[in-house]
Amino acid sequence: MKLFFGEIHQDSAILSEEESHHFAKVLRGNEGDKIHVTDGKGNMAECEVVSVSKKAVEAKIIDLKTDFEKKNYYLHVAIAPTKTMERLEFFLEKATEIGIDEITFLQSFHSERKNIKLERIEKIVQSATKQSLKAYLPKVNDLTKFTDFVKTDFTNFTKCIAHCEADITRTPFENVLQTKPQHILIMIGPEGDFSRDEILLAQENNFTGISLGQQRFRTETAALQAVFATDWELK
């Protein structure tokens with residue numbers, strides 16, 4: 001299956017300019033080729049190309065599936081970016097392939113990285129969405145201060161903060177998942193973990209402290225562990 005991003009209309013689809021250039025110039029696609037197009041919002045269209053240019057490839061829809069392979073839960077991971085971008089990009093790619101709906105980058109007290117290249121991150125997520133043949137493109141949010149994020153109103157979300165402070169109450173994450181929440185938000189801290197003040201502030205704002213196991217994981221491993229566990233318990 002050749003999957004592209006584009007606009008999906010009632011009986012036609014138009015690839016974005018970037019995707020049109022890729023189809024026309026890189027893949028050297030032609031009229032009559034069969035492709036699949038997604039808008040990243042759950043629609044997956046099987047199409048036949050009817051017009052080709054490097055700025056706009058148009059196709060007629062042969063078959064359209066809505067809510068294509070939609071999950072029965074919504075997962076939002078808020079993560080402190082790792083110092084090494086390759087580790088963060090690995091997480092983004094694999095989490096997208098497994099299934100994640102929204103990603104926010106946190107600037108916390110022990111954060112190792114103070115800035116990110118959002119455009120590059122969005123391209124990694126888009127590429128992983130296409131590679132795994134998904135119709136839902138995860139939402140990517142820019143770097144946000146921990147204190148601002150934790151006070152945001154996430155209505156209907158089960159809110160969790162993973163941390164390693166043994167003397168502050170933690171619940172095994174699998175216990176939280178056994179309640180079958182439909183909307184889950186989990187915060188993953190930097191290598192130095194969240195500060196005690198941050199953990200207590202999160203609890204004051206109705207976040208449940210959780211443990212991801214007996215081991216101490218790197219940031220990206222902890223985040224992937226949470227994604228795997230959620231997919232295993234709730235899919």
# chains A, B, ... in the order shown; residues from 1 in each chain; ligands from 1
>>> residues_around(residues="region 90-92 of chain A", least_positions_apart="4", cutoff="8 Å", atoms="only C-alpha atoms", output="ChimeraX atom specification")
/A:86,96,121,124-125,220-221,223-224
>>> residues_around(residues="region 175-182 of chain A", least_positions_apart="2", cutoff="7 Å", atoms="only C-alpha atoms", output="number ranges by chain")
A: 72-74, 158, 171-173, 184, 230, 233-234
>>> write_last_selection(atoms="C-alpha atoms", output="CSV table (one decimal), in the first residue's frame")
chain,number,residue,atom,x,y,z
A,72,ASN,CA,-11.2,2.6,21.9
A,73,TYR,CA,-9.0,4.9,24.0
A,74,TYR,CA,-7.2,8.2,23.6
A,158,THR,CA,-7.4,9.9,33.9
A,171,THR,CA,0.2,3.1,42.1
A,172,PRO,CA,1.2,0.4,39.6
A,173,PHE,CA,0.2,1.7,36.2
A,184,ILE,CA,-5.4,8.7,29.6
A,230,THR,CA,-1.9,1.0,27.5
A,233,GLU,CA,-4.6,-3.5,28.4
A,234,LEU,CA,-7.1,-1.4,26.4
>>> residues_around(residues="Asp67 (chain A)", least_positions_apart="4", cutoff="8 Å", atoms="only C-alpha atoms", output="number ranges by chain")
A: 41-43, 135
>>> residues_around(residues="Gly192 (chain A)", least_positions_apart="5", cutoff="10 Å", atoms="only C-alpha atoms", output="PyMOL selection string")
chain A and resi 109-112+163-164+218-219
>>> residues_around(residues="Asn206 (chain A)", least_positions_apart="4", cutoff="10 Å", atoms="only C-alpha atoms", output="list of chain:residue names")
A:Val150, A:Lys151, A:Thr158, A:Lys159, A:Cys160, A:Ile161, A:Leu200, A:Leu201, A:Ala202
>>> atom_distance(atom1="CA of Ala13 (chain A)", atom2="CA of Glu58 (chain A)")
5.9 Å
>>> residues_around(residues="Ser132 (chain A)", least_positions_apart="3", cutoff="9 Å", atoms="only C-alpha atoms", output="list in words")
Thr96, Glu97, Ile98, Ser127, Ala128 and Thr129 of chain A
>>> select_by_dssp(residues="region 49-229 of chain A", states="strand (DSSP E)", output="ChimeraX atom specification")
/A:49-51,58-65,74-79,102-107,139-145,158-162,171-172,183-188,208-211
>>> closest_residue(among="A:Ile168, A:His22, A:Ile116, A:Lys235", to="Thr84 (chain A)", atoms="only C-alpha atoms")
A:Ile116
>>> select_by_dssp(residues="chain A", states="alpha helix (DSSP H)", output="PyMOL selection string")
chain A and resi 17-21+85-98+118-131+146-150+173-177+196-204+219-234
>>> closest_residue(among="A:Ile79, A:Ala24, A:Leu88, A:Leu133", to="Lys55 (chain A)", atoms="only C-alpha atoms")
A:Ala24
>>> decode(residues="region 150-165 of chain A", atoms="all heavy atoms", output="PDB file, in the first residue's frame")
ATOM      1  N   VAL A 150       0.491  21.285  34.051  1.00  0.00           N
ATOM      2  CA  VAL A 150      -0.143  20.514  35.109  1.00  0.00           C
ATOM      3  C   VAL A 150      -1.431  21.172  35.608  1.00  0.00           C
ATOM      4  O   VAL A 150      -2.312  20.500  36.167  1.00  0.00           O
ATOM      5  CB  VAL A 150       0.856  20.286  36.268  1.00  0.00           C
ATOM      6  CG1 VAL A 150       0.966  21.526  37.140  1.00  0.00           C
ATOM      7  CG2 VAL A 150       0.480  19.069  37.090  1.00  0.00           C
ATOM      8  N   LYS A 151      -1.566  22.478  35.367  1.00  0.00           N
ATOM      9  CA  LYS A 151      -2.766  23.193  35.803  1.00  0.00           C
ATOM     10  C   LYS A 151      -3.829  23.290  34.719  1.00  0.00           C
ATOM     11  O   LYS A 151      -4.903  23.853  34.938  1.00  0.00           O
ATOM     12  CB  LYS A 151      -2.383  24.602  36.271  1.00  0.00           C
ATOM     13  CG  LYS A 151      -1.489  24.605  37.511  1.00  0.00           C
ATOM     14  CD  LYS A 151      -1.050  26.008  37.893  1.00  0.00           C
ATOM     15  CE  LYS A 151      -0.113  25.989  39.099  1.00  0.00           C
ATOM     16  NZ  LYS A 151       0.358  27.354  39.448  1.00  0.00           N
ATOM     17  N   THR A 152      -3.539  22.719  33.550  1.00  0.00           N
ATOM     18  CA  THR A 152      -4.501  22.725  32.448  1.00  0.00           C
ATOM     19  C   THR A 152      -5.672  21.805  32.773  1.00  0.00           C
ATOM     20  O   THR A 152      -5.502  20.749  33.384  1.00  0.00           O
ATOM     21  CB  THR A 152      -3.826  22.259  31.140  1.00  0.00           C
ATOM     22  OG1 THR A 152      -2.707  23.102  30.874  1.00  0.00           O
ATOM     23  CG2 THR A 152      -4.788  22.324  29.970  1.00  0.00           C
ATOM     24  N   ASP A 153      -6.854  22.198  32.342  1.00  0.00           N
ATOM     25  CA  ASP A 153      -8.054  21.404  32.612  1.00  0.00           C
ATOM     26  C   ASP A 153      -8.204  20.312  31.558  1.00  0.00           C
ATOM     27  O   ASP A 153      -8.611  20.585  30.428  1.00  0.00           O
ATOM     28  CB  ASP A 153      -9.290  22.315  32.610  1.00  0.00           C
ATOM     29  CG  ASP A 153     -10.567  21.547  32.911  1.00  0.00           C
ATOM     30  OD1 ASP A 153     -10.478  20.434  33.458  1.00  0.00           O
ATOM     31  OD2 ASP A 153     -11.661  22.061  32.582  1.00  0.00           O
ATOM     32  N   PHE A 154      -7.860  19.081  31.914  1.00  0.00           N
ATOM     33  CA  PHE A 154      -8.037  17.938  31.011  1.00  0.00           C
ATOM     34  C   PHE A 154      -9.292  17.180  31.428  1.00  0.00           C
ATOM     35  O   PHE A 154      -9.238  16.154  32.102  1.00  0.00           O
ATOM     36  CB  PHE A 154      -6.805  17.025  31.056  1.00  0.00           C
ATOM     37  CG  PHE A 154      -5.559  17.656  30.495  1.00  0.00           C
ATOM     38  CD1 PHE A 154      -4.592  18.185  31.338  1.00  0.00           C
ATOM     39  CD2 PHE A 154      -5.357  17.728  29.128  1.00  0.00           C
ATOM     40  CE1 PHE A 154      -3.439  18.768  30.826  1.00  0.00           C
ATOM     41  CE2 PHE A 154      -4.211  18.313  28.600  1.00  0.00           C
ATOM     42  CZ  PHE A 154      -3.253  18.833  29.453  1.00  0.00           C
ATOM     43  N   THR A 155     -10.416  17.705  31.011  1.00  0.00           N
ATOM     44  CA  THR A 155     -11.702  17.128  31.391  1.00  0.00           C
ATOM     45  C   THR A 155     -11.825  15.706  30.863  1.00  0.00           C
ATOM     46  O   THR A 155     -11.485  15.419  29.715  1.00  0.00           O
ATOM     47  CB  THR A 155     -12.856  17.979  30.837  1.00  0.00           C
ATOM     48  OG1 THR A 155     -12.698  19.331  31.283  1.00  0.00           O
ATOM     49  CG2 THR A 155     -14.203  17.459  31.306  1.00  0.00           C
ATOM     50  N   ASN A 156     -12.320  14.812  31.714  1.00  0.00           N
ATOM     51  CA  ASN A 156     -12.579  13.405  31.371  1.00  0.00           C
ATOM     52  C   ASN A 156     -11.316  12.563  31.210  1.00  0.00           C
ATOM     53  O   ASN A 156     -11.401  11.403  30.801  1.00  0.00           O
ATOM     54  CB  ASN A 156     -13.432  13.293  30.098  1.00  0.00           C
ATOM     55  CG  ASN A 156     -14.795  13.929  30.249  1.00  0.00           C
ATOM     56  OD1 ASN A 156     -15.390  13.874  31.328  1.00  0.00           O
ATOM     57  ND2 ASN A 156     -15.296  14.551  29.185  1.00  0.00           N
ATOM     58  N   PHE A 157     -10.149  13.121  31.521  1.00  0.00           N
ATOM     59  CA  PHE A 157      -8.913  12.351  31.430  1.00  0.00           C
ATOM     60  C   PHE A 157      -8.562  11.728  32.778  1.00  0.00           C
ATOM     61  O   PHE A 157      -8.722  12.351  33.830  1.00  0.00           O
ATOM     62  CB  PHE A 157      -7.749  13.240  30.989  1.00  0.00           C
ATOM     63  CG  PHE A 157      -7.579  13.331  29.498  1.00  0.00           C
ATOM     64  CD1 PHE A 157      -8.355  14.215  28.757  1.00  0.00           C
ATOM     65  CD2 PHE A 157      -6.652  12.544  28.842  1.00  0.00           C
ATOM     66  CE1 PHE A 157      -8.206  14.312  27.385  1.00  0.00           C
ATOM     67  CE2 PHE A 157      -6.488  12.626  27.470  1.00  0.00           C
ATOM     68  CZ  PHE A 157      -7.264  13.514  26.728  1.00  0.00           C
ATOM     69  N   THR A 158      -8.060  10.498  32.729  1.00  0.00           N
ATOM     70  CA  THR A 158      -7.378   9.910  33.868  1.00  0.00           C
ATOM     71  C   THR A 158      -5.939  10.395  33.795  1.00  0.00           C
ATOM     72  O   THR A 158      -5.220  10.060  32.847  1.00  0.00           O
ATOM     73  CB  THR A 158      -7.440   8.372  33.812  1.00  0.00           C
ATOM     74  OG1 THR A 158      -8.804   7.952  33.953  1.00  0.00           O
ATOM     75  CG2 THR A 158      -6.609   7.757  34.922  1.00  0.00           C
ATOM     76  N   LYS A 159      -5.512  11.184  34.777  1.00  0.00           N
ATOM     77  CA  LYS A 159      -4.222  11.877  34.709  1.00  0.00           C
ATOM     78  C   LYS A 159      -3.203  11.190  35.620  1.00  0.00           C
ATOM     79  O   LYS A 159      -3.474  10.960  36.792  1.00  0.00           O
ATOM     80  CB  LYS A 159      -4.396  13.345  35.123  1.00  0.00           C
ATOM     81  CG  LYS A 159      -5.427  14.103  34.287  1.00  0.00           C
ATOM     82  CD  LYS A 159      -5.445  15.581  34.615  1.00  0.00           C
ATOM     83  CE  LYS A 159      -5.845  15.855  36.050  1.00  0.00           C
ATOM     84  NZ  LYS A 159      -5.936  17.310  36.333  1.00  0.00           N
ATOM     85  N   CYS A 160      -2.035  10.897  35.036  1.00  0.00           N
ATOM     86  CA  CYS A 160      -0.995  10.176  35.774  1.00  0.00           C
ATOM     87  C   CYS A 160       0.348  10.883  35.644  1.00  0.00           C
ATOM     88  O   CYS A 160       0.639  11.504  34.623  1.00  0.00           O
ATOM     89  CB  CYS A 160      -0.839   8.751  35.237  1.00  0.00           C
ATOM     90  SG  CYS A 160      -2.360   7.759  35.271  1.00  0.00           S
ATOM     91  N   ILE A 161       1.163  10.746  36.680  1.00  0.00           N
ATOM     92  CA  ILE A 161       2.544  11.220  36.628  1.00  0.00           C
ATOM     93  C   ILE A 161       3.441  10.074  37.083  1.00  0.00           C
ATOM     94  O   ILE A 161       3.302   9.558  38.199  1.00  0.00           O
ATOM     95  CB  ILE A 161       2.771  12.486  37.491  1.00  0.00           C
ATOM     96  CG1 ILE A 161       4.249  12.900  37.438  1.00  0.00           C
ATOM     97  CG2 ILE A 161       2.273  12.308  38.914  1.00  0.00           C
ATOM     98  CD1 ILE A 161       4.524  14.265  38.052  1.00  0.00           C
ATOM     99  N   ALA A 162       4.334   9.643  36.206  1.00  0.00           N
ATOM    100  CA  ALA A 162       5.286   8.580  36.557  1.00  0.00           C
ATOM    101  C   ALA A 162       6.477   9.212  37.278  1.00  0.00           C
ATOM    102  O   ALA A 162       7.043  10.195  36.806  1.00  0.00           O
ATOM    103  CB  ALA A 162       5.746   7.864  35.292  1.00  0.00           C
ATOM    104  N   HIS A 163       6.838   8.636  38.410  1.00  0.00           N
ATOM    105  CA  HIS A 163       7.993   9.177  39.150  1.00  0.00           C
ATOM    106  C   HIS A 163       8.636   8.069  39.970  1.00  0.00           C
ATOM    107  O   HIS A 163       8.090   6.965  40.115  1.00  0.00           O
ATOM    108  CB  HIS A 163       7.577  10.354  40.040  1.00  0.00           C
ATOM    109  CG  HIS A 163       6.663   9.985  41.160  1.00  0.00           C
ATOM    110  ND1 HIS A 163       7.117   9.480  42.357  1.00  0.00           N
ATOM    111  CD2 HIS A 163       5.305  10.060  41.281  1.00  0.00           C
ATOM    112  CE1 HIS A 163       6.093   9.265  43.171  1.00  0.00           C
ATOM    113  NE2 HIS A 163       4.972   9.600  42.545  1.00  0.00           N
ATOM    114  N   CYS A 164       9.818   8.360  40.522  1.00  0.00           N
ATOM    115  CA  CYS A 164      10.609   7.357  41.239  1.00  0.00           C
ATOM    116  C   CYS A 164      10.749   7.651  42.727  1.00  0.00           C
ATOM    117  O   CYS A 164      11.554   6.995  43.420  1.00  0.00           O
ATOM    118  CB  CYS A 164      11.999   7.237  40.601  1.00  0.00           C
ATOM    119  SG  CYS A 164      11.991   6.742  38.868  1.00  0.00           S
ATOM    120  N   GLU A 165      10.018   8.619  43.249  1.00  0.00           N
ATOM    121  CA  GLU A 165      10.106   8.957  44.672  1.00  0.00           C
ATOM    122  C   GLU A 165       9.353   7.912  45.494  1.00  0.00           C
ATOM    123  O   GLU A 165       8.127   7.897  45.536  1.00  0.00           O
ATOM    124  CB  GLU A 165       9.521  10.350  44.921  1.00  0.00           C
ATOM    125  CG  GLU A 165      10.369  11.487  44.384  1.00  0.00           C
ATOM    126  CD  GLU A 165      11.617  11.720  45.228  1.00  0.00           C
ATOM    127  OE1 GLU A 165      11.718  11.145  46.325  1.00  0.00           O
ATOM    128  OE2 GLU A 165      12.498  12.479  44.775  1.00  0.00           O
TER     129      GLU A 165
END
